[in-house]
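Undergrad: Pasting target_30.txt below, which is compact mmCIF, N, CA and C atoms.
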```
# COMPACT_ATOMS: atom_id res chain seq x y z
N MET A 1 -86.94 -25.38 53.84
CA MET A 1 -86.53 -24.85 52.54
C MET A 1 -86.54 -23.33 52.60
N LEU A 2 -85.54 -22.75 52.04
CA LEU A 2 -85.43 -21.29 52.05
C LEU A 2 -86.24 -20.69 50.91
N SER A 3 -86.80 -19.53 51.19
CA SER A 3 -87.53 -18.83 50.13
C SER A 3 -86.53 -18.20 49.16
N LYS A 4 -87.05 -17.75 48.04
CA LYS A 4 -86.18 -17.15 47.03
C LYS A 4 -85.48 -15.91 47.59
N GLY A 5 -86.18 -15.10 48.36
CA GLY A 5 -85.59 -13.90 48.95
C GLY A 5 -84.47 -14.23 49.91
N GLU A 6 -84.66 -15.30 50.72
CA GLU A 6 -83.61 -15.69 51.66
C GLU A 6 -82.37 -16.20 50.93
N ARG A 7 -82.61 -16.93 49.84
CA ARG A 7 -81.45 -17.42 49.07
C ARG A 7 -80.68 -16.27 48.44
N ILE A 8 -81.40 -15.27 47.93
CA ILE A 8 -80.74 -14.11 47.32
C ILE A 8 -79.96 -13.36 48.40
N GLY A 9 -80.56 -13.23 49.59
CA GLY A 9 -79.87 -12.55 50.68
C GLY A 9 -78.60 -13.27 51.06
N MET A 10 -78.65 -14.61 51.08
CA MET A 10 -77.44 -15.38 51.41
C MET A 10 -76.38 -15.20 50.34
N GLN A 11 -76.81 -15.14 49.09
CA GLN A 11 -75.85 -14.93 48.02
C GLN A 11 -75.19 -13.57 48.14
N ASN A 12 -76.00 -12.55 48.48
CA ASN A 12 -75.43 -11.22 48.65
C ASN A 12 -74.44 -11.19 49.81
N ASN A 13 -74.77 -11.91 50.90
CA ASN A 13 -73.84 -11.97 52.03
C ASN A 13 -72.54 -12.64 51.62
N LYS A 14 -72.65 -13.70 50.82
CA LYS A 14 -71.44 -14.40 50.38
C LYS A 14 -70.58 -13.47 49.54
N ASN A 15 -71.22 -12.74 48.64
CA ASN A 15 -70.45 -11.81 47.80
C ASN A 15 -69.84 -10.70 48.63
N SER A 16 -70.57 -10.22 49.62
CA SER A 16 -70.02 -9.13 50.43
C SER A 16 -68.87 -9.64 51.30
N SER A 17 -68.91 -10.90 51.74
CA SER A 17 -67.80 -11.43 52.53
C SER A 17 -66.57 -11.61 51.65
N ASP A 18 -66.76 -11.88 50.37
CA ASP A 18 -65.61 -11.97 49.48
C ASP A 18 -64.92 -10.61 49.36
N ASN A 19 -65.70 -9.55 49.40
CA ASN A 19 -65.11 -8.21 49.32
C ASN A 19 -64.36 -7.86 50.59
N ASN A 20 -64.67 -8.50 51.72
CA ASN A 20 -63.99 -8.21 52.97
C ASN A 20 -62.58 -8.80 53.01
N ASP A 21 -62.24 -9.66 52.07
CA ASP A 21 -60.90 -10.22 52.02
C ASP A 21 -59.86 -9.15 51.70
N PHE A 22 -60.27 -8.10 51.01
CA PHE A 22 -59.37 -7.03 50.63
C PHE A 22 -59.58 -5.87 51.59
N LYS A 23 -58.50 -5.45 52.24
CA LYS A 23 -58.61 -4.34 53.19
C LYS A 23 -57.75 -3.20 52.70
N ILE A 24 -58.32 -2.04 52.68
CA ILE A 24 -57.59 -0.86 52.26
C ILE A 24 -56.87 -0.30 53.49
N ILE A 25 -55.59 -0.08 53.35
CA ILE A 25 -54.79 0.48 54.45
C ILE A 25 -54.87 1.99 54.35
N THR A 26 -55.30 2.62 55.42
CA THR A 26 -55.46 4.07 55.39
C THR A 26 -54.18 4.77 55.82
N LYS A 27 -54.13 6.05 55.56
CA LYS A 27 -52.98 6.88 55.92
C LYS A 27 -52.78 6.88 57.43
N GLU A 28 -53.88 6.90 58.18
CA GLU A 28 -53.80 6.92 59.63
C GLU A 28 -53.17 5.64 60.17
N GLU A 29 -53.52 4.49 59.56
CA GLU A 29 -52.94 3.22 60.00
C GLU A 29 -51.44 3.17 59.73
N VAL A 30 -51.02 3.66 58.57
CA VAL A 30 -49.60 3.69 58.23
C VAL A 30 -48.86 4.61 59.20
N LEU A 31 -49.45 5.77 59.49
CA LEU A 31 -48.83 6.70 60.42
C LEU A 31 -48.72 6.10 61.81
N TYR A 32 -49.75 5.38 62.25
CA TYR A 32 -49.73 4.75 63.57
C TYR A 32 -48.61 3.71 63.65
N VAL A 33 -48.47 2.90 62.63
CA VAL A 33 -47.41 1.89 62.60
C VAL A 33 -46.04 2.56 62.60
N TYR A 34 -45.89 3.60 61.82
CA TYR A 34 -44.61 4.32 61.75
C TYR A 34 -44.23 4.89 63.11
N VAL A 35 -45.17 5.57 63.76
CA VAL A 35 -44.88 6.19 65.05
C VAL A 35 -44.58 5.12 66.10
N THR A 36 -45.32 4.02 66.08
CA THR A 36 -45.09 2.94 67.04
C THR A 36 -43.70 2.33 66.85
N LEU A 37 -43.32 2.06 65.62
CA LEU A 37 -41.99 1.50 65.36
C LEU A 37 -40.89 2.50 65.74
N LYS A 38 -41.15 3.76 65.49
CA LYS A 38 -40.17 4.79 65.85
C LYS A 38 -39.99 4.84 67.37
N GLU A 39 -41.08 4.79 68.11
CA GLU A 39 -41.00 4.81 69.58
C GLU A 39 -40.28 3.58 70.10
N LEU A 40 -40.58 2.41 69.54
CA LEU A 40 -39.90 1.18 69.97
C LEU A 40 -38.41 1.25 69.68
N THR A 41 -38.06 1.78 68.53
CA THR A 41 -36.64 1.92 68.17
C THR A 41 -35.93 2.83 69.15
N ILE A 42 -36.56 3.93 69.54
CA ILE A 42 -35.95 4.86 70.48
C ILE A 42 -35.78 4.21 71.85
N ILE A 43 -36.80 3.48 72.29
CA ILE A 43 -36.72 2.80 73.60
C ILE A 43 -35.59 1.78 73.60
N ILE A 44 -35.51 0.98 72.56
CA ILE A 44 -34.46 -0.04 72.48
C ILE A 44 -33.09 0.62 72.39
N TRP A 45 -32.98 1.69 71.60
CA TRP A 45 -31.70 2.39 71.46
C TRP A 45 -31.24 2.95 72.80
N GLU A 46 -32.15 3.57 73.55
CA GLU A 46 -31.79 4.13 74.86
C GLU A 46 -31.36 3.02 75.82
N TYR A 47 -32.03 1.89 75.79
CA TYR A 47 -31.67 0.76 76.65
C TYR A 47 -30.26 0.27 76.33
N ILE A 48 -29.98 0.09 75.05
CA ILE A 48 -28.65 -0.40 74.64
C ILE A 48 -27.59 0.64 74.99
N ARG A 49 -27.89 1.91 74.75
CA ARG A 49 -26.94 2.99 75.05
C ARG A 49 -26.63 3.04 76.54
N GLU A 50 -27.65 2.94 77.37
CA GLU A 50 -27.45 2.96 78.82
C GLU A 50 -26.61 1.78 79.27
N LYS A 51 -26.88 0.62 78.71
CA LYS A 51 -26.12 -0.58 79.06
C LYS A 51 -24.66 -0.43 78.64
N TYR A 52 -24.44 0.13 77.46
CA TYR A 52 -23.08 0.33 76.98
C TYR A 52 -22.34 1.33 77.87
N LEU A 53 -23.00 2.42 78.23
CA LEU A 53 -22.33 3.44 79.05
C LEU A 53 -21.98 2.89 80.43
N LYS A 54 -22.84 2.08 81.01
CA LYS A 54 -22.54 1.48 82.31
C LYS A 54 -21.34 0.55 82.20
N ARG A 55 -21.31 -0.24 81.15
CA ARG A 55 -20.20 -1.17 80.97
C ARG A 55 -18.91 -0.41 80.71
N LYS A 56 -19.00 0.67 79.94
CA LYS A 56 -17.83 1.47 79.64
C LYS A 56 -17.26 2.09 80.91
N ASP A 57 -18.11 2.54 81.81
CA ASP A 57 -17.66 3.14 83.07
C ASP A 57 -17.03 2.10 83.98
N THR A 58 -17.51 0.89 83.97
CA THR A 58 -16.95 -0.14 84.85
C THR A 58 -15.64 -0.72 84.30
N ASP A 59 -15.43 -0.62 83.00
CA ASP A 59 -14.20 -1.14 82.41
C ASP A 59 -13.00 -0.22 82.66
N LYS A 60 -13.27 1.06 82.87
CA LYS A 60 -12.19 2.01 83.11
C LYS A 60 -11.78 1.99 84.57
N PRO A 61 -10.50 2.08 84.82
CA PRO A 61 -10.09 2.23 86.22
C PRO A 61 -10.45 3.62 86.72
N PRO A 62 -10.73 3.77 87.99
CA PRO A 62 -11.08 5.11 88.50
C PRO A 62 -9.89 6.04 88.41
N ASN A 63 -10.16 7.31 88.17
CA ASN A 63 -9.10 8.32 88.11
C ASN A 63 -8.67 8.71 89.52
N PRO A 64 -7.39 8.60 89.79
CA PRO A 64 -6.93 9.05 91.11
C PRO A 64 -6.99 10.57 91.18
N GLN A 65 -7.47 11.05 92.27
CA GLN A 65 -7.55 12.50 92.43
C GLN A 65 -6.39 12.99 93.28
N ASN A 66 -5.73 14.01 92.82
CA ASN A 66 -4.57 14.56 93.52
C ASN A 66 -4.97 15.56 94.55
```
Represent the structure contained in this file as structure tokens.
TA:
Amino acid sequence: MLSKGERIGMQNNKNSSDNNDFKIITKEEVLYVYVTLKELTIIIWEYIREKYLKRKDTDKPPNPQN
């Protein structure tokens, strides 16, 4: 059997765990997500651009040099 103090402690832990369900998003976390998404977008854009440029060069016939 738990003592009265142990039961109160368990109740306080239960209440404190309920408060952990809500997380405050900080400015630093938002900035980190923004920068990460921006970097991924740039990487993907460069990959697509490089692929397009290679395909564009292969589709053209070579220029004859006089």
Undergrad: Between atom C of Leu40 of chain A and atom CA of Thr26 of chain A, what is the spacing in Å?
TA: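 Atom CA of Thr26 of chain A sits 22.4 Å away from atom C of Leu40 of chain A.
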Undergrad: State, in Å with one decimal place, the distance from atom N of Val30 of chain A to atom CA of Trp45 of chain A.
TA: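 We find that atom N of Val30 of chain A and atom CA of Trp45 of chain A lie 23.3 Å from each other.
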Undergrad: Between atom C of Ile43 of chain A and atom C of Lys56 of chain A, what is the distance, to one decimal in Å?
TA: 19.7 Å
